[in-house]
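What follows is data_23.tsv (TSV, C-alpha atoms).
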chain	number	residue	atom	x	y	z
L	306	MET	CA	-23.60	-18.01	11.95
L	307	ALA	CA	-19.83	-17.56	11.79
L	308	LYS	CA	-18.06	-16.53	14.97
L	309	THR	CA	-17.51	-12.83	15.49
L	310	PHE	CA	-15.01	-11.13	17.77
L	311	LYS	CA	-15.63	-8.14	19.99
L	312	GLY	CA	-13.07	-5.35	19.95
L	313	ILE	CA	-12.16	-1.77	20.75
L	314	ASP	CA	-9.57	0.65	19.39
L	315	VAL	CA	-7.62	3.02	21.58
L	316	SER	CA	-5.02	5.80	21.50
L	317	GLN	CA	-3.48	8.31	23.90
L	318	TYR	CA	-6.93	9.90	24.28
L	319	GLN	CA	-8.09	7.05	26.53
L	320	GLN	CA	-5.18	7.77	28.90
L	321	ASN	CA	-4.58	4.93	31.37
L	322	ILE	CA	-6.51	1.75	30.60
L	323	ASP	CA	-7.07	-1.25	32.86
L	324	PHE	CA	-6.84	-3.94	30.18
L	325	LYS	CA	-7.58	-6.74	32.65
L	326	LYS	CA	-11.02	-5.21	33.21
L	327	VAL	CA	-11.42	-4.69	29.45
L	328	LYS	CA	-10.69	-8.39	28.85
L	329	ALA	CA	-12.99	-9.47	31.68
L	330	SER	CA	-15.84	-7.47	30.10
L	331	GLY	CA	-15.77	-9.77	27.06
L	332	VAL	CA	-13.52	-7.85	24.68
L	333	ASP	CA	-11.41	-10.14	22.45
L	334	PHE	CA	-9.12	-7.69	20.70
L	335	VAL	CA	-7.81	-4.14	20.76
L	336	ILE	CA	-6.40	-2.11	17.89
L	337	ILE	CA	-3.90	0.39	19.27
L	338	ARG	CA	-2.82	3.62	17.63
L	339	ALA	CA	0.92	3.30	17.00
L	340	GLY	CA	1.19	6.89	15.83
L	341	TYR	CA	0.51	9.36	13.04
L	342	GLY	CA	2.35	11.27	10.34
L	343	LYS	CA	5.89	10.64	9.12
L	344	TYR	CA	8.15	11.67	12.00
L	345	ALA	CA	9.48	9.36	14.71
L	346	ASN	CA	8.31	11.74	17.45
L	347	GLN	CA	4.71	11.25	16.27
L	348	LYS	CA	4.58	7.77	17.75
L	349	ASP	CA	1.63	7.54	20.13
L	350	PRO	CA	3.03	8.25	23.64
L	351	TYR	CA	0.83	5.46	25.08
L	352	PHE	CA	1.59	2.86	22.39
L	353	GLU	CA	4.31	0.91	24.22
L	354	LYS	CA	2.36	0.91	27.47
L	355	ASN	CA	-0.94	-0.05	25.79
L	356	TYR	CA	0.69	-2.83	23.80
L	357	LYS	CA	2.38	-4.34	26.84
L	358	ALA	CA	-0.68	-4.12	29.08
L	359	ALA	CA	-3.10	-5.45	26.44
L	360	LYS	CA	-0.83	-8.44	25.76
L	361	ALA	CA	-0.41	-9.11	29.48
L	362	ALA	CA	-4.20	-9.16	29.87
L	363	GLY	CA	-4.47	-11.80	27.14
L	364	LEU	CA	-6.05	-9.58	24.48
L	365	LYS	CA	-5.33	-10.00	20.77
L	366	VAL	CA	-3.68	-6.87	19.40
L	367	GLY	CA	-3.56	-4.93	16.13
L	368	ALA	CA	-2.32	-1.41	15.36
L	369	TYR	CA	-3.23	1.59	13.24
L	370	TRP	CA	-1.34	4.57	11.85
L	371	TYR	CA	-3.14	7.86	11.21
L	372	SER	CA	-2.17	9.41	7.88
L	373	TYR	CA	-1.56	13.04	6.95
L	374	ALA	CA	0.23	12.10	3.71
L	375	ALA	CA	-0.16	14.66	0.92
L	376	THR	CA	1.89	12.61	-1.55
L	377	VAL	CA	2.81	8.98	-2.24
L	378	VAL	CA	6.34	9.74	-1.03
L	379	GLU	CA	4.90	10.90	2.31
L	380	ALA	CA	2.71	7.76	2.57
L	381	LYS	CA	5.86	5.65	2.11
L	382	ALA	CA	7.60	7.72	4.81
L	383	GLU	CA	4.63	7.16	7.14
L	384	ALA	CA	4.86	3.42	6.47
L	385	GLN	CA	8.56	3.40	7.38
L	386	THR	CA	7.93	5.38	10.59
L	387	CYS	CA	5.13	2.94	11.47
L	388	ILE	CA	7.36	-0.09	10.80
L	389	ASN	CA	10.05	1.40	13.06
L	390	ALA	CA	7.46	1.97	15.81
L	391	ILE	CA	6.03	-1.57	15.75
L	392	LYS	CA	9.10	-3.68	15.03
L	393	GLY	CA	9.95	-6.46	17.44
L	394	LYS	CA	6.30	-6.86	18.45
L	395	THR	CA	3.74	-9.51	17.55
L	396	PHE	CA	0.26	-8.65	16.30
L	397	GLU	CA	-2.71	-11.00	15.96
L	398	TYR	CA	-4.62	-8.38	13.96
L	399	PRO	CA	-3.58	-6.36	10.90
L	400	ILE	CA	-1.71	-3.07	10.84
L	401	TYR	CA	-4.07	-0.43	9.45
L	402	PHE	CA	-3.54	2.71	7.40
L	403	ASP	CA	-6.02	5.24	8.83
L	404	LEU	CA	-7.30	7.47	6.02
L	405	GLU	CA	-9.68	10.25	7.03
L	406	GLU	CA	-8.29	13.71	6.22
L	407	SER	CA	-10.58	15.74	3.93
L	408	SER	CA	-7.50	17.22	2.21
L	409	GLN	CA	-6.66	13.67	1.06
L	410	PHE	CA	-10.20	12.93	-0.15
L	411	ARG	CA	-10.34	16.21	-2.07
L	412	LYS	CA	-7.58	14.92	-4.33
L	413	GLY	CA	-9.83	12.12	-5.56
L	414	ARG	CA	-9.96	8.37	-5.91
L	415	ALA	CA	-6.77	7.68	-7.86
L	416	PHE	CA	-4.81	9.71	-5.31
L	417	CYS	CA	-6.39	7.97	-2.29
L	418	ASP	CA	-5.81	4.56	-3.88
L	419	SER	CA	-2.15	5.47	-4.42
L	420	LEU	CA	-1.69	6.42	-0.75
L	421	VAL	CA	-3.26	3.18	0.48
L	422	LYS	CA	-1.17	1.08	-1.91
L	423	ALA	CA	2.07	2.88	-1.04
L	424	PHE	CA	1.57	2.42	2.71
L	425	CYS	CA	0.11	-1.09	2.66
L	426	ASN	CA	2.59	-2.49	0.15
L	427	ALA	CA	5.49	-1.20	2.26
L	428	LEU	CA	3.97	-2.90	5.33
L	429	GLU	CA	3.49	-6.15	3.41
L	430	HIS	CA	7.06	-5.98	2.17
L	431	ALA	CA	8.17	-5.74	5.81
L	432	GLY	CA	6.18	-8.88	6.71
L	433	TYR	CA	2.91	-7.44	8.00
L	434	TRP	CA	-0.73	-8.08	7.18
L	435	ALA	CA	-1.81	-4.60	6.05
L	436	GLY	CA	-5.24	-3.02	6.11
L	437	LEU	CA	-7.21	0.16	5.52
L	438	TYR	CA	-9.37	1.97	8.11
L	439	ILE	CA	-11.88	4.36	6.57
L	440	SER	CA	-15.45	5.59	7.01
L	441	ARG	CA	-18.11	4.09	4.74
L	442	SER	CA	-18.96	7.21	2.74
L	443	PRO	CA	-15.37	8.08	1.66
L	444	LEU	CA	-14.71	4.38	1.12
L	445	GLN	CA	-17.47	4.28	-1.47
L	446	GLN	CA	-16.41	7.56	-3.07
L	447	TYR	CA	-12.63	7.56	-2.93
L	448	ILE	CA	-11.43	3.95	-2.85
L	449	SER	CA	-11.61	1.65	-5.86
L	450	ALA	CA	-13.18	-1.80	-5.52
L	451	TYR	CA	-9.77	-3.35	-6.21
L	452	VAL	CA	-8.04	-1.56	-3.31
L	453	ALA	CA	-10.99	-2.19	-0.97
L	454	LYS	CA	-10.65	-5.93	-1.64
L	455	ARG	CA	-6.87	-6.05	-1.79
L	456	TYR	CA	-6.15	-5.21	1.88
L	457	ALA	CA	-7.86	-5.98	5.18
L	458	LEU	CA	-10.79	-3.57	5.40
L	459	TRP	CA	-11.98	-1.90	8.60
L	460	VAL	CA	-15.06	0.24	7.98
L	461	ALA	CA	-16.47	2.91	10.28
L	462	GLU	CA	-20.19	3.61	10.25
L	463	TYR	CA	-21.98	4.45	13.48
L	464	GLY	CA	-25.40	2.97	14.00
L	465	SER	CA	-27.20	-0.34	14.06
L	466	ARG	CA	-25.85	-1.59	10.73
L	467	CYS	CA	-23.04	-1.16	8.24
L	468	ASN	CA	-24.40	-0.16	4.85
L	469	TYR	CA	-21.27	-0.95	2.87
L	470	GLY	CA	-22.05	-3.46	0.12
L	471	GLY	CA	-18.60	-4.96	-0.29
L	472	SER	CA	-16.88	-7.39	2.04
L	473	TYR	CA	-15.01	-6.14	5.10
L	474	GLY	CA	-13.25	-7.67	8.08
L	475	ILE	CA	-14.07	-5.23	10.87
L	476	TRP	CA	-16.93	-2.82	11.43
L	477	GLN	CA	-16.45	0.09	13.84
L	478	TYR	CA	-20.02	0.75	14.93
L	479	SER	CA	-19.68	3.33	17.72
L	480	SER	CA	-17.33	6.02	18.97
L	481	THR	CA	-19.16	6.41	22.26
L	482	GLY	CA	-18.86	2.93	23.72
L	483	ARG	CA	-18.41	2.37	27.43
L	484	ILE	CA	-16.17	-0.42	28.65
L	485	SER	CA	-15.07	-1.41	32.13
L	486	GLY	CA	-11.44	-0.36	32.65
L	487	ILE	CA	-11.71	2.75	30.46
L	488	SER	CA	-12.93	6.12	31.68
L	489	GLY	CA	-14.85	7.95	28.99
L	490	ASN	CA	-15.81	6.97	25.46
L	491	VAL	CA	-14.13	4.29	23.39
L	492	ASP	CA	-14.58	3.09	19.80
L	493	MET	CA	-16.38	-0.26	19.50
L	494	ASP	CA	-15.67	-2.85	16.82
L	495	ILE	CA	-16.93	-6.21	15.56
L	496	CYS	CA	-14.58	-8.48	13.61
L	497	TYR	CA	-15.90	-11.11	11.19
L	498	VAL	CA	-12.56	-12.68	10.22
L	499	ASP	CA	-10.28	-14.89	12.31
L	500	TYR	CA	-7.25	-12.73	11.59
L	501	HIS	CA	-5.24	-14.35	14.38
L	502	ALA	CA	-5.41	-17.79	12.75
L	503	LYS	CA	-4.68	-16.41	9.26
L	504	ILE	CA	-1.79	-14.19	10.37
L	505	LYS	CA	-0.22	-16.94	12.47
L	506	ALA	CA	-0.51	-19.50	9.68
L	507	ALA	CA	1.05	-17.08	7.20
L	508	GLY	CA	3.92	-16.27	9.56
L	509	LEU	CA	3.27	-12.51	9.43
L	510	ASN	CA	3.18	-9.70	12.04
L	511	GLY	CA	6.07	-11.13	14.03
L	512	PHE	CA	4.86	-14.74	14.04
L	513	LYS	CA	7.22	-17.41	12.76
L	514	LYS	CA	5.90	-19.26	9.73
L	515	GLN	CA	4.62	-22.69	10.77
L	516	THR	CA	6.93	-25.33	9.34
L	517	VAL	CA	5.59	-28.81	8.76
L	518	ARG	CA	8.03	-31.21	10.35
L	519	PRO	CA	8.54	-34.75	9.04
L	520	THR	CA	7.01	-37.36	11.34
L	521	SER	CA	10.13	-39.48	11.56
L	522	LYS	CA	13.69	-38.34	11.10
L	523	PRO	CA	15.76	-40.53	8.78
L	524	THR	CA	18.68	-42.01	10.70
L	525	THR	CA	22.10	-41.74	9.16
L	526	SER	CA	24.78	-44.22	10.13
L	527	SER	CA	28.34	-42.96	9.89

Take the structure I supplied and represent it as structure tokens, if you would.
Amino acid sequence: MAKTFKGIDVSQYQQNIDFKKVKASGVDFVIIRAGYGKYANQKDPYFEKNYKAAKAAGLKVGAYWYSYAATVVEAKAEAQTCINAIKGKTFEYPIYFDLEESSQFRKGRAFCDSLVKAFCNALEHAGYWAGLYISRSPLQQYISAYVAKRYALWVAEYGSRCNYGGSYGIWQYSSTGRISGISGNVDMDICYVDYHAKIKAAGLNGFKKQTVRPTSKPTTSS
């Protein structure tokens, strides 16, 4: 069986987190909310602190951005605000567009697809590995197979199994997990893809692209 990675995702709602304890409990990665919406002041107030502390504890890190976009133009604005919030940092996991507002789903599949593409393409253009976070039911109803395959997929379905038929990278299986270092509930995730290796090799998310150096330098005599 292929290796899986144990993770959690956090935001300001978890307040102060002891990431050293989180790491010691066997967690491999954490996906941190960077913010929501399209304005700079909607950056998660704990994002900088969470990022720094998670990295210091030796955890792999990804980020997500919660969307309220009502148009493609707003999704592009959210992407730009997200890029501004995360720039200068390095992420071993993708940057996810978090789609869960019923007002967005009510506008149908073509509309939801267009939001995901607008946000994720802008992130890719800026050098990030982009993904979509969504619950299984709306994923099946409001996201086309093409878009579901095109970006890193993180599916939420609470219970003992994920009933999504397509392929996905991360499954969020609980919102009531308990982890040492965090008081209260936390979302629990399992990752099936070695994103760190793929992202590093591709030179995305703040990593420098790996250059293959020649084994011996030719000597030039002047």

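Interatomic distance, CA of Lys513 (chain L) to CA of Lys392 (chain L): 14.0 Å.
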
Within 12 Å of region 318-327 of chain L, which residues of region 333-401 of chain L come that close, and what is the closest atom pair and distance in Å for each? Count only C-alpha atoms and give it as JSON lines.
{"residue": "L:Asp333", "atom": "CA", "partner": "L:Val327", "partner_atom": "CA", "distance": 8.9}
{"residue": "L:Phe334", "atom": "CA", "partner": "L:Val327", "partner_atom": "CA", "distance": 9.5}
{"residue": "L:Val335", "atom": "CA", "partner": "L:Val327", "partner_atom": "CA", "distance": 9.4}
{"residue": "L:Ile337", "atom": "CA", "partner": "L:Gln319", "partner_atom": "CA", "distance": 10.7}
{"residue": "L:Arg338", "atom": "CA", "partner": "L:Tyr318", "partner_atom": "CA", "distance": 10.0}
{"residue": "L:Asp349", "atom": "CA", "partner": "L:Tyr318", "partner_atom": "CA", "distance": 9.8}
{"residue": "L:Pro350", "atom": "CA", "partner": "L:Gln320", "partner_atom": "CA", "distance": 9.8}
{"residue": "L:Tyr351", "atom": "CA", "partner": "L:Gln320", "partner_atom": "CA", "distance": 7.5}
{"residue": "L:Phe352", "atom": "CA", "partner": "L:Gln320", "partner_atom": "CA", "distance": 10.6}
{"residue": "L:Lys354", "atom": "CA", "partner": "L:Asn321", "partner_atom": "CA", "distance": 8.9}
{"residue": "L:Asn355", "atom": "CA", "partner": "L:Ile322", "partner_atom": "CA", "distance": 7.6}
{"residue": "L:Tyr356", "atom": "CA", "partner": "L:Phe324", "partner_atom": "CA", "distance": 9.9}
{"residue": "L:Lys357", "atom": "CA", "partner": "L:Phe324", "partner_atom": "CA", "distance": 9.8}
{"residue": "L:Ala358", "atom": "CA", "partner": "L:Phe324", "partner_atom": "CA", "distance": 6.3}
{"residue": "L:Ala359", "atom": "CA", "partner": "L:Phe324", "partner_atom": "CA", "distance": 5.5}
{"residue": "L:Lys360", "atom": "CA", "partner": "L:Phe324", "partner_atom": "CA", "distance": 8.7}
{"residue": "L:Ala361", "atom": "CA", "partner": "L:Lys325", "partner_atom": "CA", "distance": 8.2}
{"residue": "L:Ala362", "atom": "CA", "partner": "L:Lys325", "partner_atom": "CA", "distance": 5.0}
{"residue": "L:Gly363", "atom": "CA", "partner": "L:Lys325", "partner_atom": "CA", "distance": 8.1}
{"residue": "L:Leu364", "atom": "CA", "partner": "L:Phe324", "partner_atom": "CA", "distance": 8.1}
{"residue": "L:Lys365", "atom": "CA", "partner": "L:Phe324", "partner_atom": "CA", "distance": 11.3}
{"residue": "L:Val366", "atom": "CA", "partner": "L:Phe324", "partner_atom": "CA", "distance": 11.6}

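When only C-alpha atoms are used to compute distances to Tyr500 (chain L), the closest of the residues L:Ala375, L:Ala329, L:Gly393, L:Ala435 turns out to be L:Ala435.
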
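As for CA of Ser472 (chain L) and CA of Val378 (chain L), they are spaced 29.0 Å apart.
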
- Please provide as a ChimeraX atom specification all residues within 12 Å of Gly470 (chain L), with the sequence filter that same-chain residues fewer than 2 positions apart are discarded (counting only C-alpha atoms). /L:441-442,444-445,450,453-454,460,466-468,472-473

Extract, using only C-alpha atoms, all DNA, RNA and protein residues at most 12 Å from Ala382 (chain L), discarding same-chain residues fewer than 2 positions from it, and format them as a CSV table (one decimal) with C-alpha atoms, in the frame of the given file.
chain,number,residue,atom,x,y,z
L,341,TYR,CA,0.5,9.4,13.0
L,342,GLY,CA,2.4,11.3,10.3
L,343,LYS,CA,5.9,10.6,9.1
L,344,TYR,CA,8.2,11.7,12.0
L,345,ALA,CA,9.5,9.4,14.7
L,370,TRP,CA,-1.3,4.6,11.8
L,372,SER,CA,-2.2,9.4,7.9
L,373,TYR,CA,-1.6,13.0,7.0
L,374,ALA,CA,0.2,12.1,3.7
L,375,ALA,CA,-0.2,14.7,0.9
L,376,THR,CA,1.9,12.6,-1.6
L,377,VAL,CA,2.8,9.0,-2.2
L,378,VAL,CA,6.3,9.7,-1.0
L,379,GLU,CA,4.9,10.9,2.3
L,380,ALA,CA,2.7,7.8,2.6
L,384,ALA,CA,4.9,3.4,6.5
L,385,GLN,CA,8.6,3.4,7.4
L,386,THR,CA,7.9,5.4,10.6
L,387,CYS,CA,5.1,2.9,11.5
L,388,ILE,CA,7.4,-0.1,10.8
L,389,ASN,CA,10.0,1.4,13.1
L,420,LEU,CA,-1.7,6.4,-0.8
L,423,ALA,CA,2.1,2.9,-1.0
L,424,PHE,CA,1.6,2.4,2.7
L,425,CYS,CA,0.1,-1.1,2.7
L,427,ALA,CA,5.5,-1.2,2.3
L,428,LEU,CA,4.0,-2.9,5.3

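Counting only C-alpha atoms and comparing L:Ser485, L:Asn346, L:Thr395, L:Ser407, the residue that lies closest to Gly367 (chain L) is L:Thr395.
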
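Excluding Val332 (chain L) itself and any same-chain residue fewer than 3 positions from it, the protein and nucleic acid residues within 6 Å of it, counting only C-alpha atoms, are Lys311, Gly312 and Lys328 of chain L.
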
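The spacing separating CA of Tyr447 (chain L) from CA of Tyr371 (chain L) amounts to 17.0 Å.
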
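Between Lys503 (chain L) and the residues L:Asp314, L:Glu397, L:Glu383, L:Glu353, the shortest atom-to-atom distance, using only C-alpha atoms, involves L:Glu397.
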
Which centre and edge lengths in Å to one decimal define the box along x, y and z that fits every listed atom of region 352-368 of chain L plus 4 Å per side, as JSON?
{"center_x": -0.9, "center_y": -4.5, "center_z": 22.6, "size_x": 18.4, "size_y": 22.7, "size_z": 22.5}

- Message: Which residues are close to Trp476 (chain L), i.e. within 7 Å by only C-alpha atoms, leaving aside same-chain residues fewer than 6 positions away? Reply as a VMD selection string.
- Response: chain L and resid 459 to 461 494 to 496

- Task: Check the smallest atom-to-atom distance from each of L:Tyr369, L:Trp434, L:Asn426, L:Gly464 to Phe402 (chain L) using all atoms listed in the file, then report the winner.
- Result: L:Tyr369

- Pull the neighbourhood of (-17.6, -1.9, 26.7) for me: all residues within 9 Å in file coordinates, counting all atoms listed in the file, as a ChimeraX atom specification. /L:312-313,327,330-332,482-487,491,493

- Near Tyr433 (chain L), counting all atoms listed in the file, which residues have an atom at most 8 Å away, once you skip same-chain residues fewer than 4 positions from it, shown as a list in words? Pro399, Ile400, Leu428, Glu429, Leu509, Asn510 and Gly511 of chain L
